[in-house]
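Engineer: Have a peek at input-v1.cif (mmCIF, C-alpha atoms).
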```cif
data_my_file
loop_
_atom_site.group_PDB
_atom_site.id
_atom_site.type_symbol
_atom_site.label_atom_id
_atom_site.label_comp_id
_atom_site.auth_asym_id
_atom_site.auth_seq_id
_atom_site.Cartn_x
_atom_site.Cartn_y
_atom_site.Cartn_z
ATOM 1 C CA MET A 1 77.914 116.080 116.463
ATOM 2 C CA PRO A 2 75.828 115.813 119.669
ATOM 3 C CA LEU A 3 75.102 112.251 120.727
ATOM 4 C CA ARG A 4 71.370 113.031 120.934
ATOM 5 C CA TRP A 5 71.258 114.163 117.295
ATOM 6 C CA ILE A 6 73.050 111.011 116.192
ATOM 7 C CA GLY A 7 70.593 108.884 118.145
ATOM 8 C CA VAL A 8 67.612 110.614 116.548
ATOM 9 C CA THR A 9 69.118 110.160 113.101
ATOM 10 C CA ALA A 10 69.837 106.497 113.734
ATOM 11 C CA GLY A 11 66.290 106.063 114.970
ATOM 12 C CA ALA A 12 64.964 107.608 111.774
ATOM 13 C CA ILE A 13 67.018 105.121 109.794
ATOM 14 C CA LEU A 14 65.476 102.227 111.708
ATOM 15 C CA VAL A 15 61.965 103.573 111.121
ATOM 16 C CA ARG A 16 62.693 103.793 107.415
ATOM 17 C CA LEU A 17 63.950 100.220 107.401
ATOM 18 C CA ALA A 18 60.929 98.959 109.317
ATOM 19 C CA GLY A 19 58.646 100.136 106.521
ATOM 20 C CA VAL A 20 59.910 97.437 104.183
ATOM 21 C CA ASN A 21 59.482 94.534 106.608
ATOM 22 C CA ALA A 22 56.794 92.662 104.659
ATOM 23 C CA VAL A 23 58.587 92.916 101.334
ATOM 24 C CA ALA A 24 61.862 91.937 102.951
ATOM 25 C CA ARG A 25 60.546 88.664 104.337
ATOM 26 C CA ARG A 26 59.234 87.566 100.924
ATOM 27 C CA CYS A 27 62.491 88.469 99.197
ATOM 28 C CA ALA A 28 64.609 86.724 101.804
ATOM 29 C CA ASN A 29 62.647 83.488 101.425
ATOM 30 C CA HIS A 30 63.100 83.625 97.658
ATOM 31 C CA GLU A 31 66.844 84.156 97.987
ATOM 32 C CA HIS A 32 67.361 81.209 100.323
ATOM 33 C CA SER A 33 65.801 78.860 97.751
ATOM 34 C CA GLN A 34 68.517 79.776 95.243
ATOM 35 C CA ASP A 35 71.565 79.532 97.487
ATOM 36 C CA LEU A 36 74.226 76.926 96.751
ATOM 37 C CA GLY A 37 76.215 75.886 99.802
ATOM 38 C CA ARG A 38 75.102 74.797 103.251
ATOM 39 C CA LEU A 39 75.984 76.569 106.476
ATOM 40 C CA ALA A 40 75.890 75.487 110.105
ATOM 41 C CA ALA A 41 75.996 77.447 113.359
ATOM 42 C CA ARG A 42 79.070 77.331 115.581
ATOM 43 C CA HIS A 43 79.585 78.817 119.051
ATOM 44 C CA THR A 44 83.131 79.281 120.391
ATOM 45 C CA ARG A 45 84.381 80.608 123.719
ATOM 46 C CA VAL A 46 87.075 83.236 123.158
ATOM 47 C CA ASN A 47 88.677 85.069 126.078
ATOM 48 C CA GLY A 48 85.634 84.537 128.261
ATOM 49 C CA ARG A 49 83.119 85.531 125.564
ATOM 50 C CA THR A 50 81.065 83.439 123.173
ATOM 51 C CA MET A 51 81.414 84.201 119.472
ATOM 52 C CA TYR A 52 78.867 82.926 116.987
ATOM 53 C CA ALA A 53 79.767 82.013 113.420
ATOM 54 C CA ARG A 54 78.226 80.497 110.332
ATOM 55 C CA VAL A 55 80.457 77.794 108.857
ATOM 56 C CA SER A 56 80.113 75.980 105.529
ATOM 57 C CA VAL A 57 79.728 72.203 105.684
ATOM 58 C CA ASP A 58 80.223 71.210 102.041
ATOM 59 C CA PRO A 59 83.257 68.970 101.370
ATOM 60 C CA VAL A 60 86.314 70.819 100.027
ATOM 61 C CA PRO A 61 89.971 69.821 99.576
ATOM 62 C CA GLU A 62 91.550 69.429 102.996
ATOM 63 C CA ASP A 63 94.588 71.536 102.112
ATOM 64 C CA SER A 64 92.573 74.446 100.718
ATOM 65 C CA LEU A 65 92.856 77.867 102.289
ATOM 66 C CA PRO A 66 89.786 78.802 104.390
ATOM 67 C CA VAL A 67 87.926 82.016 103.679
ATOM 68 C CA ILE A 68 86.663 84.286 106.459
ATOM 69 C CA LEU A 69 83.931 86.878 105.811
ATOM 70 C CA VAL A 70 83.891 89.984 108.013
ATOM 71 C CA HIS A 71 80.725 92.051 108.315
ATOM 72 C CA GLY A 72 80.279 95.809 108.406
ATOM 73 C CA LEU A 73 79.090 98.353 110.954
ATOM 74 C CA GLY A 74 76.154 97.233 113.093
ATOM 75 C CA MET A 75 75.607 94.145 110.948
ATOM 76 C CA SER A 76 76.239 90.441 111.492
ATOM 77 C CA SER A 77 77.164 87.400 109.448
ATOM 78 C CA ARG A 78 73.531 87.078 108.303
ATOM 79 C CA TYR A 79 73.986 89.355 105.309
ATOM 80 C CA MET A 80 77.129 87.432 104.362
ATOM 81 C CA VAL A 81 75.074 84.266 103.804
ATOM 82 C CA PRO A 82 74.422 84.747 100.041
ATOM 83 C CA LEU A 83 78.132 85.152 99.324
ATOM 84 C CA ALA A 84 79.129 82.382 101.737
ATOM 85 C CA ARG A 85 76.885 79.939 99.920
ATOM 86 C CA GLN A 86 78.380 80.924 96.582
ATOM 87 C CA LEU A 87 81.903 80.245 97.844
ATOM 88 C CA ALA A 88 81.157 77.142 99.947
ATOM 89 C CA PRO A 89 81.610 74.588 97.120
ATOM 90 C CA TYR A 90 85.202 75.786 96.638
ATOM 91 C CA ARG A 91 86.537 76.699 100.086
ATOM 92 C CA ARG A 92 85.655 76.226 103.745
ATOM 93 C CA VAL A 93 83.877 79.470 104.583
ATOM 94 C CA TYR A 94 83.549 81.082 108.014
ATOM 95 C CA ALA A 95 81.388 84.115 108.760
ATOM 96 C CA PRO A 96 81.697 85.205 112.410
ATOM 97 C CA ASP A 97 79.633 87.726 114.334
ATOM 98 C CA LEU A 98 82.208 90.040 115.889
ATOM 99 C CA PRO A 99 81.933 90.730 119.655
ATOM 100 C CA GLY A 100 79.038 93.088 120.283
ATOM 101 C CA PHE A 101 77.139 92.192 117.137
ATOM 102 C CA GLY A 102 74.715 89.577 115.878
ATOM 103 C CA LEU A 103 74.468 86.493 118.082
ATOM 104 C CA SER A 104 77.881 86.933 119.714
ATOM 105 C CA ASP A 105 78.215 88.170 123.295
ATOM 106 C CA LYS A 106 77.861 91.910 123.874
ATOM 107 C CA PRO A 107 80.735 93.184 126.044
ATOM 108 C CA ARG A 108 79.972 96.321 128.024
ATOM 109 C CA HIS A 109 83.092 97.927 126.587
ATOM 110 C CA VAL A 110 82.529 98.829 122.918
ATOM 111 C CA LEU A 111 85.495 97.540 120.952
ATOM 112 C CA THR A 112 87.522 99.812 118.676
ATOM 113 C CA VAL A 113 88.587 98.849 115.153
ATOM 114 C CA ARG A 114 91.914 97.571 116.474
ATOM 115 C CA GLU A 115 90.247 95.635 119.292
ATOM 116 C CA LEU A 116 87.859 94.018 116.821
ATOM 117 C CA ALA A 117 90.853 92.914 114.738
ATOM 118 C CA ASP A 118 92.474 91.434 117.841
ATOM 119 C CA ALA A 119 89.215 89.647 118.706
ATOM 120 C CA LEU A 120 89.100 88.168 115.201
ATOM 121 C CA ALA A 121 92.665 86.863 115.565
ATOM 122 C CA ALA A 122 91.834 85.350 118.961
ATOM 123 C CA TRP A 123 88.769 83.643 117.497
ATOM 124 C CA MET A 124 90.910 82.137 114.719
ATOM 125 C CA ALA A 125 93.300 80.734 117.304
ATOM 126 C CA ALA A 126 90.405 79.300 119.322
ATOM 127 C CA ILE A 127 88.938 77.382 116.366
ATOM 128 C CA GLY A 128 92.314 76.277 115.008
ATOM 129 C CA ILE A 129 92.718 78.418 111.879
ATOM 130 C CA ASP A 130 96.333 79.480 111.432
ATOM 131 C CA ARG A 131 95.986 81.436 108.193
ATOM 132 C CA ALA A 132 93.143 82.389 105.874
ATOM 133 C CA ALA A 133 91.924 84.554 103.040
ATOM 134 C CA PHE A 134 89.591 87.342 104.143
ATOM 135 C CA ILE A 135 86.709 89.239 102.601
ATOM 136 C CA GLY A 136 85.457 92.355 104.351
ATOM 137 C CA ASN A 137 82.637 94.772 103.659
ATOM 138 C CA SER A 138 82.662 98.413 104.764
ATOM 139 C CA LEU A 139 83.893 98.537 108.380
ATOM 140 C CA GLY A 140 85.054 94.961 107.874
ATOM 141 C CA CYS A 141 87.701 96.299 105.483
ATOM 142 C CA GLU A 142 89.157 98.520 108.200
ATOM 143 C CA ILE A 143 89.245 95.582 110.604
ATOM 144 C CA LEU A 144 91.067 93.469 108.022
ATOM 145 C CA VAL A 145 93.687 96.117 107.346
ATOM 146 C CA GLU A 146 94.315 96.260 111.101
ATOM 147 C CA LEU A 147 94.490 92.465 111.201
ATOM 148 C CA ALA A 148 97.015 92.372 108.348
ATOM 149 C CA LEU A 149 99.254 94.841 110.174
ATOM 150 C CA ALA A 150 98.903 93.545 113.742
ATOM 151 C CA HIS A 151 98.676 89.813 112.929
ATOM 152 C CA PRO A 152 100.277 89.397 109.485
ATOM 153 C CA GLN A 153 100.880 85.685 109.972
ATOM 154 C CA ARG A 154 97.114 85.157 109.989
ATOM 155 C CA VAL A 155 96.458 86.810 106.614
ATOM 156 C CA ASP A 156 97.200 85.173 103.261
ATOM 157 C CA ARG A 157 95.234 87.601 101.089
ATOM 158 C CA LEU A 158 92.541 90.233 101.451
ATOM 159 C CA VAL A 159 89.428 91.400 99.644
ATOM 160 C CA LEU A 160 88.243 94.882 100.603
ATOM 161 C CA GLN A 161 84.720 95.476 99.297
ATOM 162 C CA GLY A 162 83.307 98.964 99.761
ATOM 163 C CA PRO A 163 86.173 100.069 102.067
ATOM 164 C CA THR A 164 85.480 102.952 104.436
ATOM 165 C CA PRO A 165 86.006 105.701 105.353
ATOM 166 C CA ASP A 166 86.751 107.968 102.430
ATOM 167 C CA PRO A 167 89.105 110.697 103.771
ATOM 168 C CA GLU A 168 86.721 113.372 102.484
ATOM 169 C CA SER A 169 83.696 111.796 104.198
ATOM 170 C CA ARG A 170 84.865 111.079 107.736
ATOM 171 C CA SER A 171 82.122 113.095 109.407
ATOM 172 C CA LEU A 172 79.180 111.201 110.902
ATOM 173 C CA VAL A 173 76.777 113.382 108.900
ATOM 174 C CA ARG A 174 78.369 112.378 105.585
ATOM 175 C CA GLN A 175 78.165 108.706 106.541
ATOM 176 C CA VAL A 176 74.437 109.008 107.311
ATOM 177 C CA ILE A 177 73.798 110.854 104.040
ATOM 178 C CA GLY A 178 75.631 108.134 102.144
ATOM 179 C CA PHE A 179 73.471 105.503 103.810
ATOM 180 C CA PHE A 180 70.294 107.082 102.461
ATOM 181 C CA ALA A 181 71.864 107.609 99.025
ATOM 182 C CA ILE A 182 72.500 103.894 98.492
ATOM 183 C CA ALA A 183 69.205 102.639 99.990
ATOM 184 C CA PRO A 184 67.284 102.592 96.649
ATOM 185 C CA PHE A 185 69.986 100.445 95.036
ATOM 186 C CA GLU A 186 70.231 97.713 97.670
ATOM 187 C CA ARG A 187 67.967 94.675 97.907
ATOM 188 C CA TRP A 188 64.984 95.540 100.057
ATOM 189 C CA SER A 189 65.405 92.391 102.112
ATOM 190 C CA LEU A 190 68.705 93.797 103.370
ATOM 191 C CA ALA A 191 66.661 96.395 105.254
ATOM 192 C CA TRP A 192 65.090 93.735 107.485
ATOM 193 C CA VAL A 193 68.465 92.132 108.145
ATOM 194 C CA ALA A 194 69.946 95.525 109.047
ATOM 195 C CA LEU A 195 66.990 96.482 111.238
ATOM 196 C CA THR A 196 67.219 93.379 113.409
ATOM 197 C CA ASP A 197 71.011 93.453 113.554
ATOM 198 C CA TYR A 198 71.041 97.107 114.635
ATOM 199 C CA ALA A 199 68.483 96.310 117.316
ATOM 200 C CA ARG A 200 70.608 93.443 118.668
ATOM 201 C CA GLY A 201 73.727 95.567 118.912
ATOM 202 C CA GLY A 202 72.010 98.707 120.156
ATOM 203 C CA ILE A 203 72.234 102.331 119.057
ATOM 204 C CA LYS A 204 74.979 103.224 121.547
ATOM 205 C CA ARG A 205 77.277 100.468 120.276
ATOM 206 C CA TYR A 206 76.546 101.466 116.684
ATOM 207 C CA ILE A 207 77.425 105.103 117.319
ATOM 208 C CA LEU A 208 80.604 104.425 119.305
ATOM 209 C CA THR A 209 81.819 101.932 116.710
ATOM 210 C CA LEU A 210 81.009 104.444 113.973
ATOM 211 C CA ARG A 211 83.160 107.014 115.772
ATOM 212 C CA SER A 212 86.084 104.586 115.818
ATOM 213 C CA MET A 213 85.493 103.840 112.154
ATOM 214 C CA VAL A 214 85.431 107.435 110.918
ATOM 215 C CA GLY A 215 88.569 108.226 112.901
ATOM 216 C CA ASN A 216 90.473 105.401 111.245
ATOM 217 C CA ARG A 217 92.863 106.201 108.381
ATOM 218 C CA ILE A 218 92.733 103.125 106.207
ATOM 219 C CA GLY A 219 94.389 104.834 103.231
ATOM 220 C CA GLU A 220 97.556 105.559 105.157
ATOM 221 C CA LYS A 221 97.684 102.124 106.803
ATOM 222 C CA ALA A 222 97.128 100.333 103.485
ATOM 223 C CA ARG A 223 100.602 101.331 102.318
ATOM 224 C CA ARG A 224 102.027 98.878 104.877
ATOM 225 C CA VAL A 225 99.861 95.898 103.882
ATOM 226 C CA THR A 226 102.101 93.441 102.039
ATOM 227 C CA GLN A 227 99.579 90.682 101.318
ATOM 228 C CA PRO A 228 97.870 90.450 97.891
ATOM 229 C CA THR A 229 94.741 92.617 98.135
ATOM 230 C CA LEU A 230 91.747 92.953 95.846
ATOM 231 C CA VAL A 231 89.627 96.105 96.222
ATOM 232 C CA VAL A 232 86.046 95.684 94.953
ATOM 233 C CA TRP A 233 83.657 98.547 94.260
ATOM 234 C CA GLY A 234 80.096 98.828 92.934
ATOM 235 C CA THR A 235 79.224 101.632 90.543
ATOM 236 C CA ARG A 236 76.205 102.610 92.694
ATOM 237 C CA ASP A 237 78.116 102.731 95.964
ATOM 238 C CA HIS A 238 77.537 106.362 96.947
ATOM 239 C CA ILE A 239 79.144 105.840 100.346
ATOM 240 C CA VAL A 240 82.554 105.104 98.850
ATOM 241 C CA PRO A 241 83.715 107.306 95.928
ATOM 242 C CA TYR A 242 85.452 105.731 92.929
ATOM 243 C CA GLU A 243 88.388 108.092 93.390
ATOM 244 C CA PHE A 244 88.963 106.701 96.885
ATOM 245 C CA VAL A 245 88.948 103.007 95.910
ATOM 246 C CA THR A 246 91.243 103.789 92.993
ATOM 247 C CA SER A 247 93.741 105.566 95.221
ATOM 248 C CA LEU A 248 93.471 102.801 97.830
ATOM 249 C CA ALA A 249 94.214 100.081 95.276
ATOM 250 C CA GLU A 250 97.196 102.081 94.050
ATOM 251 C CA ALA A 251 98.475 102.655 97.598
ATOM 252 C CA LEU A 252 98.434 98.936 98.399
ATOM 253 C CA PRO A 253 101.826 97.421 97.509
ATOM 254 C CA ARG A 254 100.080 94.413 95.936
ATOM 255 C CA GLY A 255 96.654 95.898 95.328
ATOM 256 C CA ARG A 256 94.234 95.619 92.427
ATOM 257 C CA LEU A 257 90.778 96.964 91.712
ATOM 258 C CA ALA A 258 87.637 95.246 90.402
ATOM 259 C CA VAL A 259 84.441 97.115 89.530
ATOM 260 C CA ILE A 260 80.972 95.523 89.533
ATOM 261 C CA PRO A 261 78.444 97.563 87.491
ATOM 262 C CA GLY A 262 75.061 98.259 89.019
ATOM 263 C CA ALA A 263 76.018 97.186 92.548
ATOM 264 C CA ALA A 264 75.878 99.418 95.627
ATOM 265 C CA HIS A 265 77.552 98.998 99.034
ATOM 266 C CA GLY A 266 76.363 95.523 100.080
ATOM 267 C CA ILE A 267 77.583 93.544 97.075
ATOM 268 C CA ASN A 268 78.002 90.416 99.199
ATOM 269 C CA TYR A 269 74.227 90.418 99.687
ATOM 270 C CA SER A 270 72.820 92.044 96.553
ATOM 271 C CA HIS A 271 75.119 90.604 93.853
ATOM 272 C CA PRO A 272 76.675 87.418 95.297
ATOM 273 C CA LYS A 273 77.091 85.646 91.941
ATOM 274 C CA ALA A 274 78.808 88.589 90.274
ATOM 275 C CA PHE A 275 80.953 89.055 93.371
ATOM 276 C CA ALA A 276 81.929 85.372 93.468
ATOM 277 C CA ALA A 277 82.867 85.484 89.782
ATOM 278 C CA VAL A 278 85.372 88.226 90.582
ATOM 279 C CA LEU A 279 86.565 86.602 93.812
ATOM 280 C CA LEU A 280 87.184 83.005 92.811
ATOM 281 C CA PRO A 281 90.146 83.587 90.452
ATOM 282 C CA PHE A 282 91.768 85.641 93.210
ATOM 283 C CA LEU A 283 90.960 83.211 96.037
ATOM 284 C CA LEU A 284 91.849 80.042 94.135
ATOM 285 C CA ALA A 285 95.161 81.311 92.762
ATOM 286 C CA THR A 286 98.302 79.779 94.223
ATOM 287 C CA GLY A 287 101.852 81.053 94.460
ATOM 288 C CA GLU A 288 103.092 84.573 93.963
ATOM 289 C CA ARG A 289 101.354 86.967 91.632
ATOM 290 C CA PRO A 290 103.802 88.807 89.354
ATOM 291 C CA VAL A 291 101.462 91.641 88.434
ATOM 292 C CA THR A 292 100.560 94.303 90.996
ATOM 293 C CA ARG A 293 98.274 97.320 90.922
ATOM 294 C CA SER A 294 96.514 95.997 87.839
ATOM 295 C CA ARG A 295 92.866 96.268 86.945
ATOM 296 C CA ILE A 296 90.523 93.270 86.825
ATOM 297 C CA PRO A 297 87.884 93.558 84.075
ATOM 298 C CA ALA A 298 84.485 94.580 85.366
ATOM 299 C CA ALA A 299 82.110 91.706 86.048
ATOM 300 C CA ARG A 300 78.543 91.763 84.898
ATOM 301 C CA ALA A 301 76.063 92.712 87.564
ATOM 302 C CA GLY A 302 73.795 89.899 88.592
ATOM 303 C CA SER A 303 72.896 87.639 91.449
#
```
Mind turning this structure into structure tokens?
Structural biologist:
Amino acid sequence: MPLRWIGVTAGAILVRLAGVNAVARRCANHEHSQDLGRLAARHTRVNGRTMYARVSVDPVPEDSLPVILVHGLGMSSRYMVPLARQLAPYRRVYAPDLPGFGLSDKPRHVLTVRELADALAAWMAAIGIDRAAFIGNSLGCEILVELALAHPQRVDRLVLQGPTPDPESRSLVRQVIGFFAIAPFERWSLAWVALTDYARGGIKRYILTLRSMVGNRIGEKARRVTQPTLVVWGTRDHIVPYEFVTSLAEALPRGRLAVIPGAAHGINYSHPKAFAAVLLPFLLATGERPVTRSRIPAARAGS
């Protein structure tokens, strides 16, 4: 696909998102009033770059495993806030902006999926986290699979929510079509978050990262992930087919699948309570899990 066509398409997406600005601000304010945990900003120098993160500040058991939330393509930790605040009373939660996105530094070189995984591992070392549980959305799932393979000592368990890319939908055109298909089922306030995050990162970075994403083969790599992994899918996620998440959960040596009715691609933002209800038994469990490739009962949609 010509770069110019992709740029025009991305621009059209931003125009569409801009149309819901007023509604988005009202919705966002309403959501913040209902959040549970508290988050604070943290800036850390990592390999000559500054990485920004949102970190929970509620007291939790000192020996509890931290949870790290990894955002998707073009986004930042901002849309992870609703889920982070749901989990904060139970675990120390970290939501970083990966290099090039959000409030983190923007390196001239656009990082690949593997380089983003390496940057995440370096950030963990810089802030003193040896091992954690991880929750990724969309592109974040690909980064976490890379992290589990390249830095296995860092990963205790994984949650892959809305993993991309489906092998049948690797083209950039299919990804754009899927974006429009899910738009009516996401919270409108997510549009304002996405608009400003895309603007911070820039169209060029978005497109080059998208190219790295669609060229990644997460299904094949998942077969080598040995950590317990929960795959989460929303029934209105038209970017990621049910057949793909089912096959991915089955390919994972210790994988399971949970389905959240009525949710689309950004479950961490649109259905944080339902998502947390599915996550907490998995995150709080200790020791080895004897059952693999099982199904978790569907949670009720809600937020």
Engineer: Quick one: residues within 9 Å of Gly219 (chain A), all atoms listed in the file, excluding same-chain residues fewer than 3 positions away - as a list in words?
Structural biologist: Pro165, Asp166, Pro167, Asn216, Ala222, Arg223, Phe244, Ser247, Leu248, Ala251 and Leu252 of chain A
Engineer: Which residues match the PyMOL selection byres ((chain A and resi 162) around 12) in the file above, as a ChimeraX atom specification?
Structural biologist: /A:71-73,135-142,159-161,163-166,182,230-242,244-246,248-249,257-260,263-268
Engineer: What do you get, as number ranges by chain, if you spell out every residue that the PyMOL selection byres ((chain A and resi 197) around 12) selects here?
Structural biologist: A: 14, 17, 71-79, 97-98, 100-104, 190-196, 198-203, 205-206
Engineer: Would you write out those residues with C-alpha atoms, as a PDB file, keeping the file's coordinate frame?
Structural biologist:
```
ATOM      1  CA  LEU A  14      65.476 102.227 111.708  1.00  0.00           C
ATOM      2  CA  LEU A  17      63.950 100.220 107.401  1.00  0.00           C
ATOM      3  CA  HIS A  71      80.725  92.051 108.315  1.00  0.00           C
ATOM      4  CA  GLY A  72      80.279  95.809 108.406  1.00  0.00           C
ATOM      5  CA  LEU A  73      79.090  98.353 110.954  1.00  0.00           C
ATOM      6  CA  GLY A  74      76.154  97.233 113.093  1.00  0.00           C
ATOM      7  CA  MET A  75      75.607  94.145 110.948  1.00  0.00           C
ATOM      8  CA  SER A  76      76.239  90.441 111.492  1.00  0.00           C
ATOM      9  CA  SER A  77      77.164  87.400 109.448  1.00  0.00           C
ATOM     10  CA  ARG A  78      73.531  87.078 108.303  1.00  0.00           C
ATOM     11  CA  TYR A  79      73.986  89.355 105.309  1.00  0.00           C
ATOM     12  CA  ASP A  97      79.633  87.726 114.334  1.00  0.00           C
ATOM     13  CA  LEU A  98      82.208  90.040 115.889  1.00  0.00           C
ATOM     14  CA  GLY A 100      79.038  93.088 120.283  1.00  0.00           C
ATOM     15  CA  PHE A 101      77.139  92.192 117.137  1.00  0.00           C
ATOM     16  CA  GLY A 102      74.715  89.577 115.878  1.00  0.00           C
ATOM     17  CA  LEU A 103      74.468  86.493 118.082  1.00  0.00           C
ATOM     18  CA  SER A 104      77.881  86.933 119.714  1.00  0.00           C
ATOM     19  CA  LEU A 190      68.705  93.797 103.370  1.00  0.00           C
ATOM     20  CA  ALA A 191      66.661  96.395 105.254  1.00  0.00           C
ATOM     21  CA  TRP A 192      65.090  93.735 107.485  1.00  0.00           C
ATOM     22  CA  VAL A 193      68.465  92.132 108.145  1.00  0.00           C
ATOM     23  CA  ALA A 194      69.946  95.525 109.047  1.00  0.00           C
ATOM     24  CA  LEU A 195      66.990  96.482 111.238  1.00  0.00           C
ATOM     25  CA  THR A 196      67.219  93.379 113.409  1.00  0.00           C
ATOM     26  CA  TYR A 198      71.041  97.107 114.635  1.00  0.00           C
ATOM     27  CA  ALA A 199      68.483  96.310 117.316  1.00  0.00           C
ATOM     28  CA  ARG A 200      70.608  93.443 118.668  1.00  0.00           C
ATOM     29  CA  GLY A 201      73.727  95.567 118.912  1.00  0.00           C
ATOM     30  CA  GLY A 202      72.010  98.707 120.156  1.00  0.00           C
ATOM     31  CA  ILE A 203      72.234 102.331 119.057  1.00  0.00           C
ATOM     32  CA  ARG A 205      77.277 100.468 120.276  1.00  0.00           C
ATOM     33  CA  TYR A 206      76.546 101.466 116.684  1.00  0.00           C
TER      34      TYR A 206
END
```
Engineer: Mind pulling up the distance from CA of Leu279 (chain A) to CA of Val145 (chain A)?
Structural biologist: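 It comes out at 18.0 Å.
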Engineer: Quote the spacing between CA of Asp63 (chain A) and CA of Leu280 (chain A) in Å to one decimal place.
Structural biologist: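 Answer for the CA of Asp63 (chain A) to CA of Leu280 (chain A) separation: 16.5 Å.
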Engineer: I'd like to know which of A:Leu65, A:Ala126, A:Leu120, A:Ala53 is closest to Pro96 (chain A), using only C-alpha atoms.
Structural biologist: A:Ala53
Engineer: Using all atoms listed in the file, pick whichever of A:Val70, A:Ala133, A:Val93, A:Ala40 has the shortest atom-to-atom distance to Leu158 (chain A).
Structural biologist: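 Selected residue with least distance to Leu158 (chain A): A:Ala133.
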Engineer: What gap, in Å, lies between CA of Met124 (chain A) and CA of Pro99 (chain A)?
Structural biologist: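 Computed distance, CA of Met124 (chain A) to CA of Pro99 (chain A), equals 13.4 Å.
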Engineer: Just the residues within 9 Å of region 149-151 of chain A, please, counting all atoms listed in the file, with nothing from its chain fewer than 2 positions along; format it as a ChimeraX atom specification.
Structural biologist: /A:114,117-118,121,144-147,153-155,221-222,224-226
Engineer: Selected by the PyMOL selection byres ((chain A and resi 94) around 8) in the shown coordinates: which residues, as a list in words?
Structural biologist: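 Listing what the PyMOL selection byres ((chain A and resi 94) around 8) selects in the shown file: Ala53, Arg54, Val55, Ser56, Pro66, Val67, Ile68, Leu69, Ala84, Arg92, Val93, Ala95 and Pro96 of chain A.
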Engineer: Nearest residue to Pro272 (chain A) out of A:Met213, A:Pro82, A:Ala41, A:Val46, using only C-alpha atoms?
Structural biologist: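 Among the listed residues, A:Pro82 lies closest to Pro272 (chain A).
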Engineer: Show me, as number ranges by chain, the residues that have an atom within 8 Å of Arg38 (chain A) when counting all atoms listed in the file, minus same-chain residues fewer than 5 positions from it.
Structural biologist: A: 56-58, 85, 88
Engineer: Can you report as AutoDock Vina command-line options the centre and edge lengths in Å, to one decimal, of an axis-aligned box around the listed atoms of region 131-135 of chain A padded with 8 Å on each side?
Structural biologist:
```
--center_x 91.3 --center_y 85.3 --center_z 105.4 --size_x 25.3 --size_y 23.8 --size_z 21.6
```
Engineer: Point out the residue among A:Thr50, A:Ser64, A:Gln86, A:Gln227 with the least atom-to-atom distance to Lys106 (chain A), counting all atoms listed in the file.
Structural biologist: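 Of all the options, A:Thr50 lies closest to Lys106 (chain A).
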Engineer: Within 12 Å of (90.3, 78.2, 118.8) (coordinates as in the file), grab all the protein and nucleic acid residues, counting all atoms listed in the file, and write them out as a list in words.
Structural biologist: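 Looking at atoms near the point gives Arg42, His43, Thr44, Arg45, Val46, Asn47, Thr50, Met51, Ala119, Leu120, Ala121, Ala122, Trp123, Met124, Ala125, Ala126, Ile127, Gly128, Ile129 and Asp130 of chain A.
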Engineer: Would you mind exporting the chosen residues as a PDB file, in the coordinates of the input, restricted to C-alpha atoms?
Structural biologist:
```pdb
ATOM      1  CA  ARG A  42      79.070  77.331 115.581  1.00  0.00           C
ATOM      2  CA  HIS A  43      79.585  78.817 119.051  1.00  0.00           C
ATOM      3  CA  THR A  44      83.131  79.281 120.391  1.00  0.00           C
ATOM      4  CA  ARG A  45      84.381  80.608 123.719  1.00  0.00           C
ATOM      5  CA  VAL A  46      87.075  83.236 123.158  1.00  0.00           C
ATOM      6  CA  ASN A  47      88.677  85.069 126.078  1.00  0.00           C
ATOM      7  CA  THR A  50      81.065  83.439 123.173  1.00  0.00           C
ATOM      8  CA  MET A  51      81.414  84.201 119.472  1.00  0.00           C
ATOM      9  CA  ALA A 119      89.215  89.647 118.706  1.00  0.00           C
ATOM     10  CA  LEU A 120      89.100  88.168 115.201  1.00  0.00           C
ATOM     11  CA  ALA A 121      92.665  86.863 115.565  1.00  0.00           C
ATOM     12  CA  ALA A 122      91.834  85.350 118.961  1.00  0.00           C
ATOM     13  CA  TRP A 123      88.769  83.643 117.497  1.00  0.00           C
ATOM     14  CA  MET A 124      90.910  82.137 114.719  1.00  0.00           C
ATOM     15  CA  ALA A 125      93.300  80.734 117.304  1.00  0.00           C
ATOM     16  CA  ALA A 126      90.405  79.300 119.322  1.00  0.00           C
ATOM     17  CA  ILE A 127      88.938  77.382 116.366  1.00  0.00           C
ATOM     18  CA  GLY A 128      92.314  76.277 115.008  1.00  0.00           C
ATOM     19  CA  ILE A 129      92.718  78.418 111.879  1.00  0.00           C
ATOM     20  CA  ASP A 130      96.333  79.480 111.432  1.00  0.00           C
TER      21      ASP A 130
END
```
Engineer: Could you pull the residues within 8 Å of Pro228 (chain A), counting all atoms listed in the file, minus those fewer than 4 positions along the same chain, as a list of chain:residue names?
Structural biologist: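 Listing them by chain and then by number gives A:Asp156, A:Arg157, A:Leu158, A:Arg254, A:Gly255, A:Arg289.
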Engineer: When distances are computed from only C-alpha atoms, which of A:Pro61, A:Val81, A:Arg91, A:Ser212 shows the smallest separation from Leu284 (chain A)?
Structural biologist: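 Smallest distance to Leu284 (chain A) is found for A:Arg91.
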Engineer: When you look at Val278 (chain A) with a cut-off of 8 Å (counting all atoms listed in the file), what residues show up, excluding the ones that are within fewer than 3 positions of it in the same chain? I need them as a count of residues only.
Structural biologist: 6
